[in-house]
Amino acid sequence: MDLHLHSSASFDCRVPPLEVARRCGQSGLSPIFLTDHEGIRGAQSLLEAGSAAIIGQEVLTTEGELIGLFLREAVPSRLSPEETVDAIKGQGGLVYLEHPYDTGRRNLREEAIERIAARIDIVEVLNGRSRPEVNRLAEDLRTALGVPAGAGSDAHTLKEIGGVYVEMEAFDGATDFLAKLRAGKVVSRPKGWKLATNRLSLFRAR
């Protein structure tokens, strides 16, 4: 599973949700974790089309971004980090801290991370668009918090999808996902990888 994906429902991506789903299928990625900026329309459209999808959202708070996973409704933008966490948890969702310490992005401020630390469910230790040293800092944070590791390509184009993913057991709902993610394996494909003719050959490779 690639836990951080965007579609044209985000302001900075032009790839339609169904094209994201098609590419995920070719890459052997399922279910689809669609985490568009400031809304869940893309993920909802995948569910309506019959795709196996998890509704996520990358939410801009007053102090940087947070991702909510397993959402039922959109989370308002520009709430405080604490209010954003409340809105995610209030609908049974999981708080996923993406690309922490990546100052070239809209990362959550360190002071805010400290305030919500006890309520963070997952830390993204490998973001396909972050520098290696930033990802290492994220892993240090995950270790300190004692939470499962997440990973995602943060894809905004088709070619980026599946560049980073997590191998884990099938799950049933948010609680089961979180428990099984602890035993998951974070994988990064080498730069320049290309989708194989056999759609599962790269995904299954060891």
# chains A, B, ... in the order shown; residues from 1 in each chain; ligands from 1

call {"tool": "closest_atom_pairs", "arguments": {"of": "region 88-131 of chain A", "to": "region 160-175 of chain A", "cutoff": "10 Å", "atoms": "only C-alpha atoms", "output": "CSV"}}
result
residue,atom,partner,partner_atom,distance
A:Gly92,CA,A:Ala174,CA,7.7
A:Gly93,CA,A:Ala174,CA,6.9
A:Leu94,CA,A:Ala174,CA,7.1
A:Leu126,CA,A:Val164,CA,7.4
A:Asn127,CA,A:Val164,CA,7.2
A:Gly128,CA,A:Val164,CA,6.0
A:Arg129,CA,A:Glu160,CA,9.3

call {"tool": "write_last_selection", "arguments": {"atoms": "N, CA and C atoms", "output": "mmCIF file, in the first residue's frame"}}
result
data_model
loop_
_atom_site.group_PDB
_atom_site.id
_atom_site.type_symbol
_atom_site.label_atom_id
_atom_site.label_comp_id
_atom_site.auth_asym_id
_atom_site.auth_seq_id
_atom_site.Cartn_x
_atom_site.Cartn_y
_atom_site.Cartn_z
ATOM 1 N N GLY A 92 -13.493 8.459 13.966
ATOM 2 C CA GLY A 92 -12.863 7.142 13.957
ATOM 3 C C GLY A 92 -11.634 7.040 13.086
ATOM 4 N N GLY A 93 -11.071 8.177 12.688
ATOM 5 C CA GLY A 93 -9.910 8.168 11.810
ATOM 6 C C GLY A 93 -8.594 8.083 12.548
ATOM 7 N N LEU A 94 -7.526 7.947 11.778
ATOM 8 C CA LEU A 94 -6.169 7.862 12.303
ATOM 9 C C LEU A 94 -5.381 9.108 11.920
ATOM 10 N N LEU A 126 9.180 7.434 5.434
ATOM 11 C CA LEU A 126 9.739 7.495 4.078
ATOM 12 C C LEU A 126 8.722 8.172 3.174
ATOM 13 N N ASN A 127 9.063 9.375 2.748
ATOM 14 C CA ASN A 127 8.250 10.140 1.807
ATOM 15 C C ASN A 127 9.027 10.231 0.511
ATOM 16 N N GLY A 128 8.386 9.856 -0.590
ATOM 17 C CA GLY A 128 9.077 9.796 -1.873
ATOM 18 C C GLY A 128 9.602 11.114 -2.376
ATOM 19 N N ARG A 129 9.154 12.221 -1.808
ATOM 20 C CA ARG A 129 9.599 13.535 -2.249
ATOM 21 C C ARG A 129 10.525 14.223 -1.253
#

call {"tool": "residues_around", "arguments": {"residues": "Val85 (chain A)", "least_positions_apart": "3", "cutoff": "8 Å", "atoms": "only C-alpha atoms", "output": "PyMOL selection string"}}
result
chain A and resi 81-82+88-89+95+116+119

call {"tool": "select_by_dssp", "arguments": {"residues": "chain A", "states": "helix (DSSP H, G or I)", "output": "mmCIF file with N, CA and C atoms, in the first residue's frame"}}
result
data_model
loop_
_atom_site.group_PDB
_atom_site.id
_atom_site.type_symbol
_atom_site.label_atom_id
_atom_site.label_comp_id
_atom_site.auth_asym_id
_atom_site.auth_seq_id
_atom_site.Cartn_x
_atom_site.Cartn_y
_atom_site.Cartn_z
ATOM 1 N N PRO A 17 -8.827 10.718 -10.393
ATOM 2 C CA PRO A 17 -8.817 9.614 -9.424
ATOM 3 C C PRO A 17 -8.845 8.236 -10.066
ATOM 4 N N LEU A 18 -9.633 8.052 -11.115
ATOM 5 C CA LEU A 18 -9.716 6.731 -11.742
ATOM 6 C C LEU A 18 -8.401 6.342 -12.409
ATOM 7 N N GLU A 19 -7.630 7.336 -12.869
ATOM 8 C CA GLU A 19 -6.309 7.041 -13.419
ATOM 9 C C GLU A 19 -5.336 6.632 -12.310
ATOM 10 N N VAL A 20 -5.466 7.261 -11.144
ATOM 11 C CA VAL A 20 -4.671 6.837 -9.993
ATOM 12 C C VAL A 20 -5.002 5.397 -9.650
ATOM 13 N N ALA A 21 -6.289 5.068 -9.636
ATOM 14 C CA ALA A 21 -6.718 3.699 -9.323
ATOM 15 C C ALA A 21 -6.174 2.697 -10.342
ATOM 16 N N ARG A 22 -6.213 3.072 -11.609
ATOM 17 C CA ARG A 22 -5.700 2.175 -12.653
ATOM 18 C C ARG A 22 -4.212 1.910 -12.451
ATOM 19 N N ARG A 23 -3.469 2.953 -12.180
ATOM 20 C CA ARG A 23 -2.022 2.796 -11.979
ATOM 21 C C ARG A 23 -1.728 1.947 -10.742
ATOM 22 N N CYS A 24 -2.493 2.174 -9.672
ATOM 23 C CA CYS A 24 -2.305 1.353 -8.469
ATOM 24 C C CYS A 24 -2.561 -0.117 -8.791
ATOM 25 N N GLY A 25 -3.594 -0.383 -9.576
ATOM 26 C CA GLY A 25 -3.883 -1.756 -9.961
ATOM 27 C C GLY A 25 -2.749 -2.371 -10.758
ATOM 28 N N GLN A 26 -2.169 -1.630 -11.674
ATOM 29 C CA GLN A 26 -1.036 -2.116 -12.462
ATOM 30 C C GLN A 26 0.184 -2.397 -11.588
ATOM 31 N N SER A 27 0.319 -1.624 -10.505
ATOM 32 C CA SER A 27 1.476 -1.758 -9.621
ATOM 33 C C SER A 27 1.261 -2.772 -8.504
ATOM 34 N N ARG A 41 -13.283 14.345 -2.078
ATOM 35 C CA ARG A 41 -14.123 14.042 -3.248
ATOM 36 C C ARG A 41 -13.514 12.957 -4.118
ATOM 37 N N GLY A 42 -12.198 13.004 -4.285
ATOM 38 C CA GLY A 42 -11.534 12.009 -5.133
ATOM 39 C C GLY A 42 -11.694 10.610 -4.583
ATOM 40 N N ALA A 43 -11.446 10.439 -3.299
ATOM 41 C CA ALA A 43 -11.570 9.123 -2.677
ATOM 42 C C ALA A 43 -13.013 8.647 -2.707
ATOM 43 N N GLN A 44 -13.950 9.547 -2.476
ATOM 44 C CA GLN A 44 -15.364 9.169 -2.530
ATOM 45 C C GLN A 44 -15.748 8.693 -3.930
ATOM 46 N N SER A 45 -15.202 9.338 -4.951
ATOM 47 C CA SER A 45 -15.518 8.935 -6.324
ATOM 48 C C SER A 45 -14.987 7.538 -6.628
ATOM 49 N N LEU A 46 -13.855 7.175 -6.038
ATOM 50 C CA LEU A 46 -13.329 5.822 -6.227
ATOM 51 C C LEU A 46 -14.243 4.794 -5.579
ATOM 52 N N LEU A 47 -14.705 5.082 -4.385
ATOM 53 C CA LEU A 47 -15.630 4.159 -3.722
ATOM 54 C C LEU A 47 -16.921 4.010 -4.525
ATOM 55 N N GLU A 48 -17.413 5.107 -5.044
ATOM 56 C CA GLU A 48 -18.635 5.067 -5.852
ATOM 57 C C GLU A 48 -18.437 4.258 -7.127
ATOM 58 N N PRO A 81 -3.839 22.544 15.103
ATOM 59 C CA PRO A 81 -3.494 21.123 15.060
ATOM 60 C C PRO A 81 -4.343 20.292 16.019
ATOM 61 N N GLU A 82 -4.582 20.817 17.214
ATOM 62 C CA GLU A 82 -5.389 20.091 18.193
ATOM 63 C C GLU A 82 -6.820 19.894 17.695
ATOM 64 N N GLU A 83 -7.400 20.937 17.112
ATOM 65 C CA GLU A 83 -8.757 20.828 16.582
ATOM 66 C C GLU A 83 -8.813 19.875 15.393
ATOM 67 N N THR A 84 -7.764 19.874 14.578
ATOM 68 C CA THR A 84 -7.708 18.964 13.440
ATOM 69 C C THR A 84 -7.651 17.525 13.916
ATOM 70 N N VAL A 85 -6.841 17.260 14.919
ATOM 71 C CA VAL A 85 -6.776 15.916 15.491
ATOM 72 C C VAL A 85 -8.139 15.510 16.044
ATOM 73 N N ASP A 86 -8.801 16.418 16.733
ATOM 74 C CA ASP A 86 -10.136 16.132 17.266
ATOM 75 C C ASP A 86 -11.100 15.756 16.138
ATOM 76 N N ALA A 87 -11.032 16.487 15.027
ATOM 77 C CA ALA A 87 -11.935 16.239 13.902
ATOM 78 C C ALA A 87 -11.661 14.886 13.249
ATOM 79 N N ILE A 88 -10.392 14.495 13.201
ATOM 80 C CA ILE A 88 -10.025 13.191 12.634
ATOM 81 C C ILE A 88 -10.468 12.066 13.561
ATOM 82 N N LYS A 89 -10.090 12.174 14.818
ATOM 83 C CA LYS A 89 -10.399 11.123 15.787
ATOM 84 C C LYS A 89 -11.904 11.023 16.041
ATOM 85 N N GLU A 110 7.423 21.954 14.740
ATOM 86 C CA GLU A 110 7.887 21.069 15.803
ATOM 87 C C GLU A 110 7.137 21.311 17.116
ATOM 88 N N GLU A 111 6.816 22.564 17.389
ATOM 89 C CA GLU A 111 6.073 22.862 18.615
ATOM 90 C C GLU A 111 4.702 22.198 18.602
ATOM 91 N N ALA A 112 4.072 22.165 17.432
ATOM 92 C CA ALA A 112 2.763 21.526 17.305
ATOM 93 C C ALA A 112 2.879 20.011 17.452
ATOM 94 N N ILE A 113 3.942 19.442 16.886
ATOM 95 C CA ILE A 113 4.163 18.002 17.030
ATOM 96 C C ILE A 113 4.260 17.637 18.505
ATOM 97 N N GLU A 114 4.982 18.442 19.262
ATOM 98 C CA GLU A 114 5.129 18.172 20.691
ATOM 99 C C GLU A 114 3.784 18.213 21.417
ATOM 100 N N ARG A 115 2.920 19.139 21.012
ATOM 101 C CA ARG A 115 1.631 19.278 21.695
ATOM 102 C C ARG A 115 0.679 18.126 21.401
ATOM 103 N N ILE A 116 0.755 17.560 20.183
ATOM 104 C CA ILE A 116 -0.180 16.496 19.818
ATOM 105 C C ILE A 116 0.488 15.117 19.815
ATOM 106 N N ALA A 117 1.710 15.045 20.310
ATOM 107 C CA ALA A 117 2.513 13.816 20.198
ATOM 108 C C ALA A 117 1.768 12.577 20.674
ATOM 109 N N ALA A 118 1.050 12.679 21.782
ATOM 110 C CA ALA A 118 0.382 11.509 22.354
ATOM 111 C C ALA A 118 -0.790 11.033 21.510
ATOM 112 N N ARG A 119 -1.191 11.822 20.513
ATOM 113 C CA ARG A 119 -2.360 11.467 19.700
ATOM 114 C C ARG A 119 -1.998 11.144 18.253
ATOM 115 N N PRO A 132 16.757 12.186 1.902
ATOM 116 C CA PRO A 132 17.069 11.074 2.816
ATOM 117 C C PRO A 132 17.299 11.524 4.251
ATOM 118 N N GLU A 133 17.985 12.642 4.446
ATOM 119 C CA GLU A 133 18.269 13.089 5.809
ATOM 120 C C GLU A 133 16.995 13.496 6.546
ATOM 121 N N VAL A 134 16.013 14.022 5.811
ATOM 122 C CA VAL A 134 14.729 14.379 6.417
ATOM 123 C C VAL A 134 13.962 13.118 6.809
ATOM 124 N N ASN A 135 13.990 12.114 5.935
ATOM 125 C CA ASN A 135 13.337 10.847 6.260
ATOM 126 C C ASN A 135 13.975 10.174 7.477
ATOM 127 N N ARG A 136 15.280 10.328 7.630
ATOM 128 C CA ARG A 136 15.944 9.752 8.810
ATOM 129 C C ARG A 136 15.483 10.442 10.091
ATOM 130 N N LEU A 137 15.298 11.741 10.039
ATOM 131 C CA LEU A 137 14.771 12.458 11.205
ATOM 132 C C LEU A 137 13.361 11.987 11.534
ATOM 133 N N ALA A 138 12.570 11.706 10.500
ATOM 134 C CA ALA A 138 11.212 11.210 10.724
ATOM 135 C C ALA A 138 11.242 9.847 11.402
ATOM 136 N N GLU A 139 12.179 9.000 11.018
ATOM 137 C CA GLU A 139 12.312 7.692 11.667
ATOM 138 C C GLU A 139 12.712 7.858 13.128
ATOM 139 N N ASP A 140 13.580 8.806 13.413
ATOM 140 C CA ASP A 140 13.954 9.066 14.811
ATOM 141 C C ASP A 140 12.725 9.479 15.622
ATOM 142 N N LEU A 141 11.885 10.318 15.037
ATOM 143 C CA LEU A 141 10.668 10.752 15.720
ATOM 144 C C LEU A 141 9.736 9.569 15.953
ATOM 145 N N ARG A 142 9.556 8.743 14.934
ATOM 146 C CA ARG A 142 8.683 7.570 15.077
ATOM 147 C C ARG A 142 9.145 6.684 16.215
ATOM 148 N N THR A 143 10.465 6.466 16.291
ATOM 149 C CA THR A 143 11.018 5.636 17.354
ATOM 150 C C THR A 143 10.731 6.245 18.717
ATOM 151 N N ALA A 144 10.908 7.549 18.822
ATOM 152 C CA ALA A 144 10.669 8.231 20.096
ATOM 153 C C ALA A 144 9.205 8.140 20.517
ATOM 154 N N LEU A 145 8.298 8.217 19.553
ATOM 155 C CA LEU A 145 6.871 8.164 19.863
ATOM 156 C C LEU A 145 6.371 6.738 20.060
ATOM 157 N N LEU A 158 1.525 10.226 -12.345
ATOM 158 C CA LEU A 158 1.373 8.776 -12.474
ATOM 159 C C LEU A 158 2.681 8.035 -12.233
ATOM 160 N N LYS A 159 3.782 8.571 -12.745
ATOM 161 C CA LYS A 159 5.043 7.837 -12.667
ATOM 162 C C LYS A 159 5.567 7.705 -11.237
ATOM 163 N N GLU A 160 5.103 8.564 -10.341
ATOM 164 C CA GLU A 160 5.569 8.501 -8.956
ATOM 165 C C GLU A 160 4.848 7.430 -8.133
ATOM 166 N N GLY A 173 -10.581 -2.520 8.735
ATOM 167 C CA GLY A 173 -10.847 -1.305 9.475
ATOM 168 C C GLY A 173 -9.614 -0.647 10.049
ATOM 169 N N ALA A 174 -9.821 0.530 10.625
ATOM 170 C CA ALA A 174 -8.717 1.376 11.090
ATOM 171 C C ALA A 174 -7.928 0.733 12.222
ATOM 172 N N THR A 175 -8.618 0.160 13.193
ATOM 173 C CA THR A 175 -7.922 -0.418 14.344
ATOM 174 C C THR A 175 -7.058 -1.590 13.933
ATOM 175 N N ASP A 176 -7.595 -2.459 13.087
ATOM 176 C CA ASP A 176 -6.835 -3.622 12.607
ATOM 177 C C ASP A 176 -5.667 -3.169 11.731
ATOM 178 N N PHE A 177 -5.894 -2.145 10.905
ATOM 179 C CA PHE A 177 -4.818 -1.593 10.080
ATOM 180 C C PHE A 177 -3.658 -1.130 10.945
ATOM 181 N N LEU A 178 -3.970 -0.374 11.985
ATOM 182 C CA LEU A 178 -2.926 0.177 12.840
ATOM 183 C C LEU A 178 -2.139 -0.931 13.527
ATOM 184 N N ALA A 179 -2.822 -1.966 13.975
ATOM 185 C CA ALA A 179 -2.140 -3.086 14.643
ATOM 186 C C ALA A 179 -1.216 -3.818 13.671
ATOM 187 N N LYS A 180 -1.692 -4.073 12.460
ATOM 188 C CA LYS A 180 -0.905 -4.844 11.494
ATOM 189 C C LYS A 180 0.203 -4.016 10.847
ATOM 190 N N LEU A 181 0.029 -2.699 10.848
ATOM 191 C CA LEU A 181 1.073 -1.842 10.275
ATOM 192 C C LEU A 181 2.383 -1.968 11.044
ATOM 193 N N SER A 201 5.137 -8.174 -10.903
ATOM 194 C CA SER A 201 6.508 -8.686 -10.816
ATOM 195 C C SER A 201 7.403 -7.795 -9.959
ATOM 196 N N LEU A 202 7.287 -6.466 -10.075
ATOM 197 C CA LEU A 202 8.091 -5.593 -9.256
ATOM 198 C C LEU A 202 7.564 -5.539 -7.826
ATOM 199 N N PHE A 203 6.236 -5.536 -7.696
ATOM 200 C CA PHE A 203 5.635 -5.412 -6.375
ATOM 201 C C PHE A 203 5.996 -6.617 -5.504
ATOM 202 N N ARG A 204 6.097 -7.806 -6.107
ATOM 203 C CA ARG A 204 6.397 -9.017 -5.375
ATOM 204 C C ARG A 204 7.900 -9.274 -5.218
#

call {"tool": "residues_around", "arguments": {"residues": "region 53-65 of chain A", "least_positions_apart": "2", "cutoff": "8 Å", "atoms": "only C-alpha atoms", "output": "number ranges by chain"}}
result
A: 30-40, 43-44, 46-47, 51, 67-72, 74-81, 84, 97-98, 106-109, 112

call {"tool": "write_last_selection", "arguments": {"atoms": "N, CA and C atoms", "output": "short mmCIF file (atom, residue, chain, number, x, y, z; two decimals), in the first residue's frame"}}
result
data_model
loop_
_atom_site.label_atom_id
_atom_site.label_comp_id
_atom_site.auth_asym_id
_atom_site.auth_seq_id
_atom_site.Cartn_x
_atom_site.Cartn_y
_atom_site.Cartn_z
N SER A 30 -3.03 -2.18 -3.29
CA SER A 30 -4.43 -2.22 -2.90
C SER A 30 -4.53 -2.41 -1.39
N PRO A 31 -5.49 -1.70 -0.75
CA PRO A 31 -6.39 -0.70 -1.30
C PRO A 31 -5.67 0.61 -1.61
N ILE A 32 -6.40 1.54 -2.21
CA ILE A 32 -5.85 2.83 -2.61
C ILE A 32 -6.06 3.83 -1.48
N PHE A 33 -4.98 4.38 -0.97
CA PHE A 33 -5.05 5.41 0.06
C PHE A 33 -4.95 6.77 -0.63
N LEU A 34 -6.10 7.39 -0.90
CA LEU A 34 -6.09 8.68 -1.58
C LEU A 34 -6.17 9.78 -0.54
N THR A 35 -5.16 10.64 -0.51
CA THR A 35 -5.01 11.65 0.55
C THR A 35 -4.92 13.05 -0.07
N ASP A 36 -5.95 13.45 -0.76
CA ASP A 36 -5.93 14.73 -1.45
C ASP A 36 -5.92 15.90 -0.47
N HIS A 37 -5.41 17.03 -0.95
CA HIS A 37 -5.40 18.26 -0.16
C HIS A 37 -6.83 18.78 0.02
N GLU A 38 -7.17 19.10 1.24
CA GLU A 38 -8.37 19.87 1.58
C GLU A 38 -9.68 19.29 1.06
N GLY A 39 -9.78 17.98 0.96
CA GLY A 39 -11.06 17.40 0.55
C GLY A 39 -10.97 15.90 0.32
N ILE A 40 -12.13 15.27 0.20
CA ILE A 40 -12.19 13.81 0.04
C ILE A 40 -13.01 13.41 -1.18
N ALA A 43 -11.45 10.44 -3.30
CA ALA A 43 -11.57 9.12 -2.68
C ALA A 43 -13.01 8.65 -2.71
N GLN A 44 -13.95 9.55 -2.48
CA GLN A 44 -15.36 9.17 -2.53
C GLN A 44 -15.75 8.69 -3.93
N LEU A 46 -13.86 7.18 -6.04
CA LEU A 46 -13.33 5.82 -6.23
C LEU A 46 -14.24 4.79 -5.58
N LEU A 47 -14.70 5.08 -4.39
CA LEU A 47 -15.63 4.16 -3.72
C LEU A 47 -16.92 4.01 -4.52
N SER A 51 -14.05 0.91 -6.53
CA SER A 51 -12.64 0.64 -6.23
C SER A 51 -12.44 0.41 -4.73
N ILE A 67 -2.27 14.42 7.97
CA ILE A 67 -3.15 13.56 7.19
C ILE A 67 -4.09 12.81 8.12
N GLY A 68 -5.35 12.77 7.72
CA GLY A 68 -6.32 11.91 8.39
C GLY A 68 -6.61 10.73 7.48
N LEU A 69 -6.61 9.53 8.03
CA LEU A 69 -6.94 8.31 7.28
C LEU A 69 -8.20 7.68 7.86
N PHE A 70 -8.90 6.93 7.02
CA PHE A 70 -10.15 6.26 7.41
C PHE A 70 -11.21 7.29 7.81
N LEU A 71 -11.35 8.31 6.98
CA LEU A 71 -12.32 9.37 7.25
C LEU A 71 -13.68 9.02 6.65
N ARG A 72 -14.70 9.65 7.20
CA ARG A 72 -16.05 9.55 6.64
C ARG A 72 -16.49 10.88 6.04
N ALA A 74 -15.05 15.22 5.22
CA ALA A 74 -13.89 16.11 5.09
C ALA A 74 -13.63 16.87 6.38
N VAL A 75 -12.37 17.14 6.62
CA VAL A 75 -11.95 17.91 7.79
C VAL A 75 -11.72 19.36 7.35
N PRO A 76 -12.28 20.32 8.06
CA PRO A 76 -12.09 21.73 7.66
C PRO A 76 -10.61 22.13 7.71
N SER A 77 -10.24 23.02 6.83
CA SER A 77 -8.88 23.55 6.79
C SER A 77 -8.69 24.65 7.82
N ARG A 78 -7.42 24.87 8.16
CA ARG A 78 -6.97 25.99 9.00
C ARG A 78 -7.58 25.98 10.40
N LEU A 79 -7.84 24.79 10.91
CA LEU A 79 -8.09 24.64 12.33
C LEU A 79 -6.74 24.53 13.02
N SER A 80 -6.70 24.66 14.33
CA SER A 80 -5.45 24.40 15.04
C SER A 80 -5.10 22.92 14.91
N PRO A 81 -3.84 22.54 15.10
CA PRO A 81 -3.49 21.12 15.06
C PRO A 81 -4.34 20.29 16.02
N THR A 84 -7.76 19.87 14.58
CA THR A 84 -7.71 18.96 13.44
C THR A 84 -7.65 17.53 13.92
N LEU A 97 1.15 11.58 10.59
CA LEU A 97 2.05 12.73 10.46
C LEU A 97 2.98 12.51 9.28
N GLU A 98 2.76 13.29 8.23
CA GLU A 98 3.53 13.12 7.00
C GLU A 98 4.68 14.11 6.90
N ARG A 106 4.90 22.01 3.57
CA ARG A 106 4.08 22.61 4.62
C ARG A 106 4.05 21.66 5.82
N ASN A 107 5.25 21.34 6.32
CA ASN A 107 5.35 20.38 7.43
C ASN A 107 4.80 20.99 8.72
N LEU A 108 4.33 20.11 9.60
CA LEU A 108 3.81 20.58 10.88
C LEU A 108 4.95 21.11 11.74
N ARG A 109 4.75 22.26 12.34
CA ARG A 109 5.80 22.86 13.18
C ARG A 109 6.14 21.93 14.35
N ALA A 112 4.07 22.17 17.43
CA ALA A 112 2.76 21.53 17.31
C ALA A 112 2.88 20.01 17.45
#

call {"tool": "select_by_dssp", "arguments": {"residues": "region 8-46 of chain A", "states": "strand (DSSP E)", "output": "count of residues only"}}
result
6

call {"tool": "atom_distance", "arguments": {"atom1": "CA of Thr103 (chain A)", "atom2": "CA of Pro16 (chain A)"}}
result
28.3 Å

call {"tool": "atom_distance", "arguments": {"atom1": "CA of Thr157 (chain A)", "atom2": "CA of Val123 (chain A)"}}
result
23.0 Å

call {"tool": "closest_residue", "arguments": {"among": "A:Val15, A:Leu66, A:Ile122, A:Leu5", "to": "Ala149 (chain A)", "atoms": "only C-alpha atoms"}}
result
A:Ile122

call {"tool": "atom_distance", "arguments": {"atom1": "CA of Ala151 (chain A)", "atom2": "CA of His99 (chain A)"}}
result
9.4 Å
